[in-house]
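A.B. asks: This one is input.txt, compact mmCIF, C-alpha atoms and all ligand atoms.
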```txt
# COMPACT_ATOMS: atom_id res chain seq x y z
CA SER J 1 45.69 26.56 -57.38
CA ILE J 2 46.58 29.80 -55.68
CA PHE J 3 45.54 30.11 -52.02
CA LEU J 4 44.20 33.53 -51.03
CA GLY J 5 42.74 32.53 -47.71
CA TYR J 6 45.41 34.04 -45.44
CA GLU J 7 44.17 37.53 -46.33
CA ARG J 8 40.54 37.11 -47.27
CA LEU J 9 37.53 34.84 -47.11
CA GLU J 10 36.03 35.73 -50.52
CA ALA J 11 37.24 35.75 -54.12
CA GLU J 12 35.97 36.24 -57.66
CA THR J 13 37.55 33.39 -59.56
CA ARG J 14 36.97 30.73 -62.22
CA ILE J 15 36.43 27.01 -62.30
CA HIS J 16 39.58 25.31 -63.51
CA LYS J 17 38.42 21.67 -63.23
CA LEU J 18 35.19 19.95 -62.31
CA ALA J 19 34.27 16.32 -61.76
CA ARG J 20 31.41 14.37 -60.19
CA ARG J 21 32.26 11.39 -57.98
CA ASP J 22 29.98 9.44 -55.62
CA GLY J 23 27.26 12.08 -55.73
CA ARG J 24 29.59 14.98 -54.97
CA TRP J 25 31.24 17.67 -57.03
CA TYR J 26 35.04 17.96 -56.97
CA VAL J 27 35.97 21.48 -57.95
CA VAL J 28 39.38 23.07 -58.59
CA LEU J 29 39.40 26.87 -58.82
CA VAL J 30 42.09 29.07 -60.39
CA GLU J 31 42.38 30.96 -57.08
CA THR J 32 40.65 30.15 -53.82
CA PRO J 33 40.15 31.53 -50.32
CA PHE J 34 39.34 27.98 -49.08
CA TYR J 35 41.89 26.32 -46.78
CA ALA J 36 42.59 22.65 -47.56
CA GLU J 37 42.92 20.33 -44.57
CA SER J 38 46.51 20.15 -43.37
CA GLY J 39 48.65 20.48 -40.27
CA GLY J 40 45.68 19.35 -38.16
CA GLN J 41 43.48 22.25 -39.33
CA VAL J 42 40.25 21.06 -40.95
CA GLY J 43 39.27 22.11 -44.48
CA ASP J 44 37.03 25.19 -44.85
CA HIS J 45 33.27 25.14 -45.41
CA GLY J 46 31.40 27.70 -47.49
CA LEU J 47 29.79 28.38 -50.87
CA ILE J 48 30.83 28.52 -54.51
CA ARG J 49 28.29 30.56 -56.48
CA GLY J 50 28.08 30.51 -60.29
CA LYS J 51 25.75 32.29 -62.66
CA ASN J 52 23.16 29.54 -62.55
CA PHE J 53 24.18 27.37 -59.63
CA GLU J 54 25.33 27.22 -56.07
CA LEU J 55 27.61 24.58 -54.52
CA ARG J 56 28.00 23.96 -50.82
CA VAL J 57 31.64 23.26 -49.93
CA VAL J 58 31.72 20.53 -47.25
CA ASP J 59 35.43 19.68 -47.31
CA VAL J 60 38.64 20.86 -48.95
CA GLN J 61 41.62 18.59 -49.64
CA LYS J 62 45.02 19.01 -51.28
CA GLU J 63 45.80 16.76 -54.21
CA GLY J 64 49.36 17.47 -55.29
CA ASP J 65 49.47 21.22 -55.96
CA GLU J 66 45.73 21.45 -56.39
CA ILE J 67 43.19 22.53 -53.82
CA VAL J 68 40.10 20.38 -54.34
CA HIS J 69 36.74 21.63 -53.06
CA ILE J 70 34.39 18.78 -52.25
CA CYS J 71 30.88 20.10 -52.77
CA GLU J 72 27.22 19.19 -52.50
CA GLY J 73 24.97 20.49 -55.24
CA PRO J 74 22.53 19.64 -58.02
CA GLU J 75 23.32 16.74 -60.30
CA ASN J 76 23.04 18.85 -63.43
CA LEU J 77 25.23 21.91 -63.50
CA ASP J 78 25.25 24.61 -66.18
CA ILE J 79 28.87 25.79 -66.18
CA SER J 80 28.77 27.56 -69.54
CA THR J 81 29.93 30.59 -67.54
CA PRO J 82 32.98 29.42 -65.53
CA GLU J 83 33.20 32.60 -63.40
CA VAL J 84 32.27 31.97 -59.76
CA PHE J 85 32.22 33.72 -56.42
CA ALA J 86 33.93 31.66 -53.73
CA GLN J 87 33.00 32.45 -50.16
CA VAL J 88 34.33 30.78 -47.02
CA ASP J 89 31.77 30.62 -44.20
CA PRO J 90 33.18 33.02 -41.57
CA GLN J 91 31.23 31.11 -38.89
CA TRP J 92 33.40 28.14 -39.79
CA ARG J 93 36.75 29.77 -40.37
CA GLU J 94 36.90 32.39 -37.61
CA PRO J 95 36.52 29.94 -34.70
CA THR J 96 38.96 27.62 -36.50
CA MET J 97 41.56 30.42 -36.60
CA ARG J 98 40.99 31.15 -32.91
CA ASN J 99 41.54 27.48 -32.13
CA HIS J 100 44.66 27.26 -34.30
CA THR J 101 46.38 30.20 -32.65
CA ALA J 102 45.28 28.87 -29.25
CA THR J 103 46.88 25.52 -30.14
CA HIS J 104 50.23 27.29 -30.67
CA LEU J 105 49.88 29.07 -27.31
CA LEU J 106 48.97 25.75 -25.66
CA HIS J 107 52.01 24.04 -27.20
CA ALA J 108 54.33 26.76 -25.88
CA ALA J 109 52.63 26.76 -22.46
CA LEU J 110 52.99 22.96 -22.18
CA ARG J 111 56.72 23.28 -22.83
CA ARG J 112 57.07 26.07 -20.27
CA VAL J 113 55.20 24.23 -17.54
CA LEU J 114 56.05 20.56 -18.20
CA GLY J 115 59.45 20.87 -19.85
CA GLU J 116 61.25 20.92 -23.18
CA HIS J 117 60.63 17.21 -23.75
CA VAL J 118 57.09 18.08 -24.85
CA ARG J 119 56.80 17.52 -28.59
CA GLN J 120 53.69 17.74 -30.72
CA ALA J 121 52.46 14.27 -31.70
CA GLY J 122 49.31 15.29 -33.54
CA SER J 123 46.57 17.87 -33.41
CA LEU J 124 43.05 18.66 -34.52
CA VAL J 125 41.99 22.23 -35.12
CA ALA J 126 38.25 22.47 -35.87
CA PRO J 127 35.74 25.32 -35.45
CA ASP J 128 34.17 23.80 -32.35
CA ARG J 129 37.22 22.45 -30.52
CA LEU J 130 40.92 21.84 -30.49
CA ARG J 131 42.88 18.78 -29.55
CA PHE J 132 46.61 18.56 -28.99
CA ASP J 133 48.61 15.33 -28.59
CA PHE J 134 52.15 15.46 -27.26
CA THR J 135 54.93 13.45 -25.67
CA HIS J 136 54.87 13.35 -21.88
CA PHE J 137 55.24 10.38 -19.60
CA LYS J 138 52.76 10.95 -16.85
CA LYS J 139 49.37 12.38 -16.17
CA ILE J 140 49.34 16.15 -15.89
CA ASP J 141 48.18 16.95 -12.39
CA ARG J 142 45.49 19.48 -11.66
CA GLN J 143 47.88 22.20 -10.57
CA GLU J 144 50.00 21.90 -13.73
CA LEU J 145 46.88 21.91 -15.88
CA GLU J 146 45.63 25.08 -14.20
CA GLU J 147 49.04 26.69 -14.64
CA ILE J 148 49.02 25.84 -18.37
CA GLU J 149 45.48 27.17 -18.78
CA TRP J 150 46.40 30.30 -16.85
CA LEU J 151 49.48 30.96 -18.98
CA VAL J 152 47.54 30.62 -22.25
CA ASN J 153 44.85 33.01 -20.99
CA GLU J 154 47.52 35.46 -19.87
CA LYS J 155 49.01 35.52 -23.39
CA ILE J 156 45.50 36.05 -24.78
CA GLN J 157 44.81 38.94 -22.38
CA GLN J 158 48.09 40.62 -23.41
CA ASP J 159 46.57 40.77 -26.92
CA LEU J 160 49.92 39.97 -28.55
CA PRO J 161 50.35 40.39 -32.30
CA VAL J 162 50.53 37.14 -34.27
CA GLU J 163 53.34 37.67 -36.77
CA VAL J 164 53.80 35.77 -40.01
CA ILE J 165 57.43 35.50 -41.15
CA HIS J 166 58.43 34.07 -44.52
CA THR J 167 61.99 32.82 -44.47
CA ASP J 168 64.07 29.79 -45.41
CA TYR J 169 64.11 26.61 -43.40
CA GLN J 170 67.63 27.00 -41.97
CA LYS J 171 66.93 30.52 -40.74
CA ALA J 172 63.63 29.46 -39.22
CA VAL J 173 65.29 26.68 -37.24
CA GLN J 174 68.07 29.09 -36.17
CA MET J 175 65.53 31.51 -34.78
CA GLY J 176 64.13 28.65 -32.70
CA ALA J 177 60.94 27.85 -34.62
CA MET J 178 59.41 24.50 -33.69
CA ALA J 179 59.23 22.11 -36.63
CA LEU J 180 57.11 18.98 -36.67
CA PHE J 181 59.10 15.75 -36.49
CA GLY J 182 58.73 13.72 -39.69
CA GLU J 183 57.10 16.60 -41.57
CA LYS J 184 58.66 17.57 -44.94
CA TYR J 185 59.34 21.28 -45.38
CA GLY J 186 60.39 23.11 -48.54
CA ASP J 187 63.22 25.65 -48.66
CA ARG J 188 60.83 28.53 -48.06
CA VAL J 189 58.81 28.23 -44.90
CA ARG J 190 56.22 30.19 -43.00
CA VAL J 191 56.79 30.90 -39.31
CA ILE J 192 54.02 31.95 -36.94
CA SER J 193 55.57 33.98 -34.14
CA ILE J 194 53.80 35.22 -31.04
CA ASP J 195 55.97 37.74 -29.21
CA GLY J 196 58.88 35.41 -28.49
CA PHE J 197 56.53 33.12 -26.55
CA SER J 198 55.74 30.80 -29.46
CA LYS J 199 57.43 30.21 -32.83
CA GLU J 200 56.22 27.43 -35.09
CA LEU J 201 56.58 26.45 -38.71
CA CYS J 202 52.97 26.43 -39.82
CA GLY J 203 50.88 26.80 -42.94
CA GLY J 204 47.61 27.29 -41.05
CA THR J 205 45.35 30.30 -40.69
CA HIS J 206 45.56 32.45 -37.56
CA VAL J 207 43.99 35.41 -35.82
CA ARG J 208 45.97 38.68 -36.01
CA HIS J 209 46.00 39.36 -32.28
CA THR J 210 45.77 36.81 -29.47
CA GLY J 211 42.97 38.81 -27.82
CA GLN J 212 40.65 37.61 -30.62
CA ILE J 213 40.82 34.09 -29.18
CA GLY J 214 38.69 35.02 -26.19
CA PRO J 215 38.54 32.76 -23.14
CA PHE J 216 40.45 29.47 -23.30
CA VAL J 217 39.39 26.47 -21.21
CA ILE J 218 40.85 22.99 -21.01
CA VAL J 219 38.03 20.44 -20.84
CA GLN J 220 39.97 17.20 -20.72
CA GLU J 221 43.41 15.66 -20.29
CA THR J 222 43.80 12.00 -21.23
CA SER J 223 46.26 9.38 -22.40
CA VAL J 224 46.09 8.28 -26.05
CA ALA J 225 49.08 5.92 -26.19
CA SER J 226 52.10 5.03 -24.11
CA GLY J 227 53.95 8.30 -23.47
CA ILE J 228 51.43 10.39 -25.41
CA ARG J 229 48.96 12.69 -23.63
CA ARG J 230 46.03 14.58 -25.12
CA VAL J 231 44.63 17.94 -24.09
CA GLU J 232 41.23 19.06 -25.43
CA ALA J 233 40.23 22.69 -25.11
CA LEU J 234 37.63 25.26 -26.14
CA THR J 235 37.95 28.93 -27.01
CA GLY J 236 35.72 31.98 -27.50
CA PRO J 237 31.92 31.48 -27.34
CA ARG J 238 32.37 27.71 -26.95
CA ALA J 239 34.48 28.27 -23.85
CA VAL J 240 31.84 30.61 -22.42
CA GLN J 241 29.16 27.98 -23.16
CA PHE J 242 31.19 25.35 -21.35
CA ILE J 243 31.64 27.60 -18.31
CA GLN J 244 27.90 28.32 -18.26
CA GLN J 245 26.99 24.64 -18.52
CA SER J 246 29.42 23.78 -15.73
CA ARG J 247 27.88 26.49 -13.56
CA ASP J 248 24.38 25.16 -14.33
CA VAL J 249 25.40 21.70 -13.17
CA VAL J 250 26.95 23.08 -9.99
CA GLN J 251 23.88 25.21 -9.25
CA ASP J 252 21.56 22.26 -9.80
CA LEU J 253 23.64 20.22 -7.39
CA ASP J 254 23.69 23.07 -4.85
CA GLN J 255 19.92 23.13 -4.89
CA LEU J 256 19.54 19.39 -4.81
CA LEU J 257 21.94 19.01 -1.90
CA ASN J 258 21.04 22.28 -0.26
CA CYS J 259 24.55 23.63 0.17
CA SER J 260 26.95 26.15 -1.39
CA TRP J 261 29.28 25.08 -4.20
CA GLU J 262 32.36 25.11 -1.95
CA GLN J 263 30.66 22.54 0.27
CA LEU J 264 29.70 20.24 -2.61
CA PRO J 265 32.62 17.76 -2.50
CA ALA J 266 32.36 17.31 1.28
CA LYS J 267 28.59 16.98 1.04
CA VAL J 268 28.75 14.33 -1.68
CA ASN J 269 31.46 12.49 0.24
CA SER J 270 29.35 12.33 3.36
CA LEU J 271 26.31 11.20 1.34
CA VAL J 272 28.31 8.39 -0.22
CA GLU J 273 29.50 7.35 3.23
CA GLN J 274 25.94 7.45 4.59
CA LEU J 275 24.74 5.32 1.71
CA ARG J 276 27.46 2.79 2.38
CA GLN J 277 26.48 2.55 6.04
CA THR J 278 22.82 2.22 5.16
CA GLU J 279 23.63 -0.57 2.74
CA ARG J 280 25.62 -2.38 5.40
CA ALA J 281 22.79 -2.01 7.91
CA LEU J 282 20.32 -3.29 5.36
CA GLN J 283 22.51 -6.30 4.65
CA ARG J 284 22.71 -7.10 8.35
CA LEU J 285 18.94 -6.80 8.65
CA LYS J 286 18.40 -9.02 5.64
CA ALA J 287 20.79 -11.59 7.07
CA ARG J 288 19.00 -11.66 10.40
CA GLN J 289 15.62 -12.04 8.73
CA LEU J 290 16.88 -14.82 6.52
CA LEU J 291 18.52 -16.76 9.34
CA GLU J 292 15.33 -16.51 11.40
CA GLN J 293 13.55 -18.42 8.66
CA VAL J 294 15.45 -21.63 9.39
CA ASP J 295 12.81 -23.07 11.76
CA GLU J 296 10.06 -22.39 9.25
CA LEU J 297 12.09 -23.94 6.44
CA LEU J 298 12.75 -27.02 8.51
CA LYS J 299 9.00 -27.48 9.10
CA GLN J 300 8.37 -27.32 5.37
CA GLY J 301 11.13 -29.83 4.65
CA LYS J 302 10.24 -33.04 2.87
CA LYS J 303 10.94 -36.33 4.64
CA ILE J 304 12.56 -38.90 2.41
CA ASN J 305 13.42 -42.16 4.14
CA GLY J 306 14.32 -40.45 7.38
CA ILE J 307 16.27 -37.67 5.68
CA THR J 308 14.77 -34.15 5.62
CA LEU J 309 15.28 -32.25 2.36
CA VAL J 310 14.98 -28.51 2.81
CA MET J 311 14.95 -26.61 -0.43
CA ALA J 312 14.31 -22.88 -0.77
CA GLU J 313 14.58 -20.25 -3.48
CA PHE J 314 15.55 -16.61 -2.96
CA GLU J 315 16.19 -13.49 -4.95
CA ASP J 316 18.85 -10.84 -4.30
CA VAL J 317 20.62 -12.84 -1.63
CA GLU J 318 24.40 -12.96 -1.75
CA ILE J 319 26.05 -16.37 -1.73
CA ASP J 320 27.80 -15.66 1.60
CA LEU J 321 24.43 -15.23 3.22
CA LEU J 322 23.20 -18.50 1.77
CA LYS J 323 26.27 -20.18 3.28
CA GLN J 324 25.41 -18.68 6.67
CA LEU J 325 21.93 -20.10 6.23
CA GLY J 326 23.46 -23.50 5.53
CA ASP J 327 25.58 -23.28 8.70
CA ARG J 328 22.53 -22.29 10.74
CA LEU J 329 20.59 -25.23 9.34
CA ARG J 330 23.39 -27.62 10.27
CA GLN J 331 23.44 -26.25 13.84
CA GLN J 332 19.70 -26.62 14.33
CA ALA J 333 18.87 -29.83 12.53
CA GLN J 334 19.73 -33.48 12.29
CA SER J 335 19.56 -35.81 9.30
CA THR J 336 18.94 -32.89 7.01
CA VAL J 337 20.09 -31.83 3.56
CA GLY J 338 19.57 -28.17 2.65
CA LEU J 339 19.69 -26.74 -0.85
CA PHE J 340 19.36 -22.95 -1.11
CA VAL J 341 19.02 -21.29 -4.47
CA ASN J 342 19.41 -17.64 -5.31
CA ARG J 343 17.95 -16.72 -8.68
CA TRP J 344 19.35 -13.95 -10.86
CA PRO J 345 17.64 -13.25 -14.19
CA ASP J 346 20.13 -15.30 -16.18
CA ARG J 347 21.73 -17.62 -13.64
CA ALA J 348 21.43 -19.02 -10.15
CA ASN J 349 23.71 -19.84 -7.21
CA LEU J 350 23.25 -23.01 -5.22
CA VAL J 351 24.42 -23.71 -1.68
CA CYS J 352 24.16 -27.22 -0.29
CA ALA J 353 24.49 -28.13 3.41
CA VAL J 354 24.55 -31.61 4.90
CA THR J 355 24.32 -32.34 8.65
CA ASP J 356 27.23 -34.19 10.29
CA ASP J 357 25.24 -37.35 11.13
CA LEU J 358 24.42 -37.89 7.45
CA ILE J 359 28.06 -37.37 6.47
CA GLU J 360 29.25 -39.89 9.07
CA GLN J 361 26.51 -42.52 8.87
CA LYS J 362 25.36 -42.36 5.24
CA GLY J 363 28.45 -41.02 3.53
CA LEU J 364 26.46 -38.13 2.02
CA LYS J 365 28.68 -35.32 0.77
CA ALA J 366 27.46 -31.79 0.03
CA GLY J 367 30.24 -31.24 -2.52
CA GLN J 368 29.30 -34.24 -4.60
CA LEU J 369 25.56 -33.66 -4.20
CA VAL J 370 25.63 -30.05 -5.38
CA LYS J 371 28.00 -30.82 -8.23
CA GLU J 372 25.68 -33.46 -9.66
CA ALA J 373 22.57 -31.40 -8.97
CA ALA J 374 24.06 -28.44 -10.84
CA ARG J 375 24.93 -30.67 -13.77
CA VAL J 376 21.18 -31.26 -14.28
CA ALA J 377 20.88 -27.54 -15.12
CA GLY J 378 24.07 -27.19 -17.13
CA GLY J 379 26.19 -25.92 -14.29
CA GLY J 380 29.01 -27.03 -12.03
CA GLY J 381 30.35 -26.68 -8.54
CA GLY J 382 31.72 -28.45 -5.50
CA GLY J 383 33.10 -28.00 -2.03
CA ARG J 384 33.45 -29.74 1.28
CA PRO J 385 31.20 -32.54 2.64
CA HIS J 386 29.27 -30.27 4.98
CA LEU J 387 28.92 -27.18 2.79
CA ALA J 388 29.35 -26.65 -0.95
CA THR J 389 28.35 -24.23 -3.70
CA ALA J 390 27.48 -24.36 -7.39
CA GLY J 391 26.33 -22.12 -10.22
CA ILE J 392 23.84 -22.82 -13.00
CA LYS J 393 22.73 -20.98 -16.13
CA GLN J 394 19.49 -22.82 -16.94
CA VAL J 395 17.29 -21.34 -14.22
CA ASP J 396 14.19 -22.98 -15.74
CA LYS J 397 15.60 -26.38 -14.69
CA ILE J 398 15.41 -25.74 -10.94
CA PRO J 399 12.38 -28.12 -10.60
CA GLN J 400 14.49 -30.87 -12.21
CA ILE J 401 17.18 -30.24 -9.58
CA ARG J 402 14.60 -30.83 -6.84
CA LYS J 403 13.48 -34.03 -8.54
CA TYR J 404 17.07 -35.20 -8.87
CA LEU J 405 17.76 -34.59 -5.16
CA GLU J 406 14.60 -36.42 -4.06
CA GLU J 407 15.52 -39.44 -6.19
CA THR J 408 19.10 -39.44 -4.95
CA LEU J 409 18.12 -39.27 -1.29
CA GLN J 410 15.73 -42.24 -1.85
CA LYS J 411 18.81 -44.32 -2.52
CA PHE J 412 20.33 -43.42 0.86
CA ALA J 413 17.67 -45.15 2.92
ZN ZN J 501 49.98 25.61 -36.64
```
Translate the structure of the given file into structure tokens.
Ligand SMILES: [Zn+2]

C.D. replies:
Amino acid sequence: SIFLGYERLEAETRIHKLARRDGRWYVVLVETPFYAESGGQVGDHGLIRGKNFELRVVDVQKEGDEIVHICEGPENLDISTPEVFAQVDPQWREPTMRNHTATHLLHAALRRVLGEHVRQAGSLVAPDRLRFDFTHFKKIDRQELEEIEWLVNEKIQQDLPVEVIHTDYQKAVQMGAMALFGEKYGDRVRVISIDGFSKELCGGTHVRHTGQIGPFVIVQETSVASGIRRVEALTGPRAVQFIQQSRDVVQDLDQLLNCSWEQLPAKVNSLVEQLRQTERALQRLKARQLLEQVDELLKQGKKINGITLVMAEFEDVEIDLLKQLGDRLRQQAQSTVGLFVNRWPDRANLVCAVTDDLIEQKGLKAGQLVKEAARVAGGGGGGRPHLATAGIKQVDKIPQIRKYLEETLQKFA
């Protein structure tokens, strides 16, 4: 197939081959303005119109020398007249061209700012965005990123001509054109040159002047693999949209926090700090309240052969606090075993405390007691004789734990 798409987006042509596979039409035209996916640039979208039919081109791929249009359309096609009108959707192609030329400017800017070690490692050029992967060994800091973005926009504002040079491979390399590592090039190559700032071997479609790109904004910089960074950017109306959305967010936050945008980071920082302090104060309050309950808990304890069993269930209480409760119980009581349970939706923590007289006179050990109690509910744990912890998953078996403890303490009469 002959590709016409560097110069125009429409062509009167003929169907050369046609096949139907998996509910789609695969069409080869004698000549076509449709760009087939390659060099990171996506395949064109558009229409192929015949005398009695219309096909919607949803992808274009190269198969050998042929450009294959992958189309959606009716199952039955009358192609008695093979003449067609092929039309690339300009809403698809024009932003794609902007993004492709911007990708070249980005590549050159990355090399200027970060160094000559930057090599392209992959790219995606689509109508709505561009993505560029390259070799670099550390995160690009904010200042470098702004410098890169600034440089690309400067080259756009200078409205530089985008030149297409057809030459042979050796000459192209001599004039300093960047070639892709591992890519096979023929003897004749196409070089896209932007005013000595960028020269790349490239078969893609480009704007004629950099000014057509419009605003360029970087939206993200990430790592994709060891030593490979990725920059994602927007151009033209998409870039304007992104700037507007960002401003909307900032304005919403200004209103919500009642400050100007310059004050936002400091304001949020101080709010986070306030929240932290409030949380700490709340924790302290909760702890005090909980520890004050010890007397009440002791009164409710169950006497079993001279040993008091105090068992209590809580929600949203951290294990450290339960341990403090155990310590408090041991200070205030004699001949007492405490078991404190904190229930989460899918699990529970247990803390067991045993007073010193029981440890010395009856050989009761919190570690052993809580370990065996937890086993009743499919859990495990352990610790020292006076204080020990355990975790269980079967929270519905907490009543069985109580029963187990009562039976065990019976034996220590
Ligand atoms: Zn290119």

A.B. asks: Which residue out of J:Arg190, J:Thr336, J:Ser198, J:Arg208 has the minimum interatomic distance to Lys171 of chain J when only C-alpha atoms are used?

C.D. replies: J:Arg190

A.B. asks: Hey, which residues come within 7 Å of ligand ZN 501 (chain J) if we count all atoms listed in the file? Could you give them as number ranges by chain?

C.D. replies: J: 39, 100, 104, 200-204

A.B. asks: Mind checking which residues fall within 7 Å of segment 153-170 of chain J, counting all atoms listed in the file, ignoring those fewer than 3 positions away in the same chain, and posting them as a list in words?

C.D. replies: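 Residues meeting the cut-off are Glu149, Trp150, Val173, Gln174, Asp187, Arg188, Val189, Arg190, Val191, Ile192, Ser193, Ile194, Asp195, Val207, Arg208, His209, Thr210, Gly211, Ile213, Pro215 and Phe216 of chain J.
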
A.B. asks: Compile the contact shell of Leu55 of chain J as an NGL selection string: residues with an atom at most 8 Å away, counting all atoms listed in the file, same-chain residues fewer than 3 positions apart removed.

C.D. replies: :J and (47-49 or 71-74)

A.B. asks: From the list J:Ala179, J:Leu257, J:Ala121, J:Leu285, which residue is nearest Arg229 of chain J when using only C-alpha atoms?

C.D. replies: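 Closest to Arg229 of chain J of all the choices is J:Ala121.
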
A.B. asks: When you look at segment 80-84 of chain J with a cut-off of 8 Å (counting only C-alpha atoms), what residues show up, excluding the ones that are within fewer than 6 positions of it in the same chain? I need them as a ChimeraX atom specification.

C.D. replies: /J:12-15,48-51

A.B. asks: Counting all atoms listed in the file, which of J:Val30, J:Ala233, J:Val224, J:Ala11 gets nearest to Arg98 of chain J?

C.D. replies: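 Once distances to Arg98 of chain J are computed over all atoms listed in the file, the minimum belongs to J:Ala233.
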
A.B. asks: Quick one: of J:Leu253, J:Leu329, J:Ile140, J:Ala374, who's nearest to Glu292 of chain J, counting only C-alpha atoms?

C.D. replies: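 Among J:Leu253, J:Leu329, J:Ile140, J:Ala374, it is J:Leu329 that comes nearest to Glu292 of chain J.
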
A.B. asks: Please complete segment 102-114 of chain J with N, CA, C and O atoms and give it back as a CSV table (one decimal), in the coordinates of the input.

C.D. replies:
```
chain,number,residue,atom,x,y,z
J,102,ALA,N,45.3,29.4,-30.6
J,102,ALA,CA,45.3,28.9,-29.2
J,102,ALA,C,46.1,27.6,-29.1
J,102,ALA,O,46.8,27.4,-28.1
J,103,THR,N,46.1,26.8,-30.2
J,103,THR,CA,46.9,25.5,-30.1
J,103,THR,C,48.4,25.8,-30.0
J,103,THR,O,49.1,25.2,-29.3
J,104,HIS,N,48.8,26.9,-30.8
J,104,HIS,CA,50.2,27.3,-30.7
J,104,HIS,C,50.6,27.8,-29.3
J,104,HIS,O,51.6,27.4,-28.7
J,105,LEU,N,49.7,28.6,-28.7
J,105,LEU,CA,49.9,29.1,-27.3
J,105,LEU,C,49.9,27.9,-26.3
J,105,LEU,O,50.8,27.8,-25.4
J,106,LEU,N,49.0,26.9,-26.5
J,106,LEU,CA,49.0,25.8,-25.7
J,106,LEU,C,50.3,25.0,-25.7
J,106,LEU,O,50.9,24.6,-24.7
J,107,HIS,N,50.8,24.8,-27.0
J,107,HIS,CA,52.0,24.0,-27.2
J,107,HIS,C,53.2,24.7,-26.4
J,107,HIS,O,53.9,24.1,-25.7
J,108,ALA,N,53.3,26.0,-26.6
J,108,ALA,CA,54.3,26.8,-25.9
J,108,ALA,C,54.1,26.7,-24.4
J,108,ALA,O,55.1,26.5,-23.6
J,109,ALA,N,52.9,26.8,-23.9
J,109,ALA,CA,52.6,26.8,-22.5
J,109,ALA,C,53.0,25.4,-21.9
J,109,ALA,O,53.5,25.3,-20.8
J,110,LEU,N,52.7,24.3,-22.6
J,110,LEU,CA,53.0,23.0,-22.2
J,110,LEU,C,54.5,22.8,-22.0
J,110,LEU,O,55.0,22.2,-21.0
J,111,ARG,N,55.3,23.4,-22.9
J,111,ARG,CA,56.7,23.3,-22.8
J,111,ARG,C,57.3,24.1,-21.7
J,111,ARG,O,58.2,23.7,-21.0
J,112,ARG,N,56.7,25.3,-21.4
J,112,ARG,CA,57.1,26.1,-20.3
J,112,ARG,C,56.8,25.3,-19.0
J,112,ARG,O,57.7,25.3,-18.1
J,113,VAL,N,55.6,24.8,-18.8
J,113,VAL,CA,55.2,24.2,-17.5
J,113,VAL,C,55.7,22.8,-17.3
J,113,VAL,O,56.2,22.5,-16.2
J,114,LEU,N,55.7,22.0,-18.4
J,114,LEU,CA,56.0,20.6,-18.2
J,114,LEU,C,57.5,20.3,-18.5
J,114,LEU,O,58.1,19.4,-18.0
```
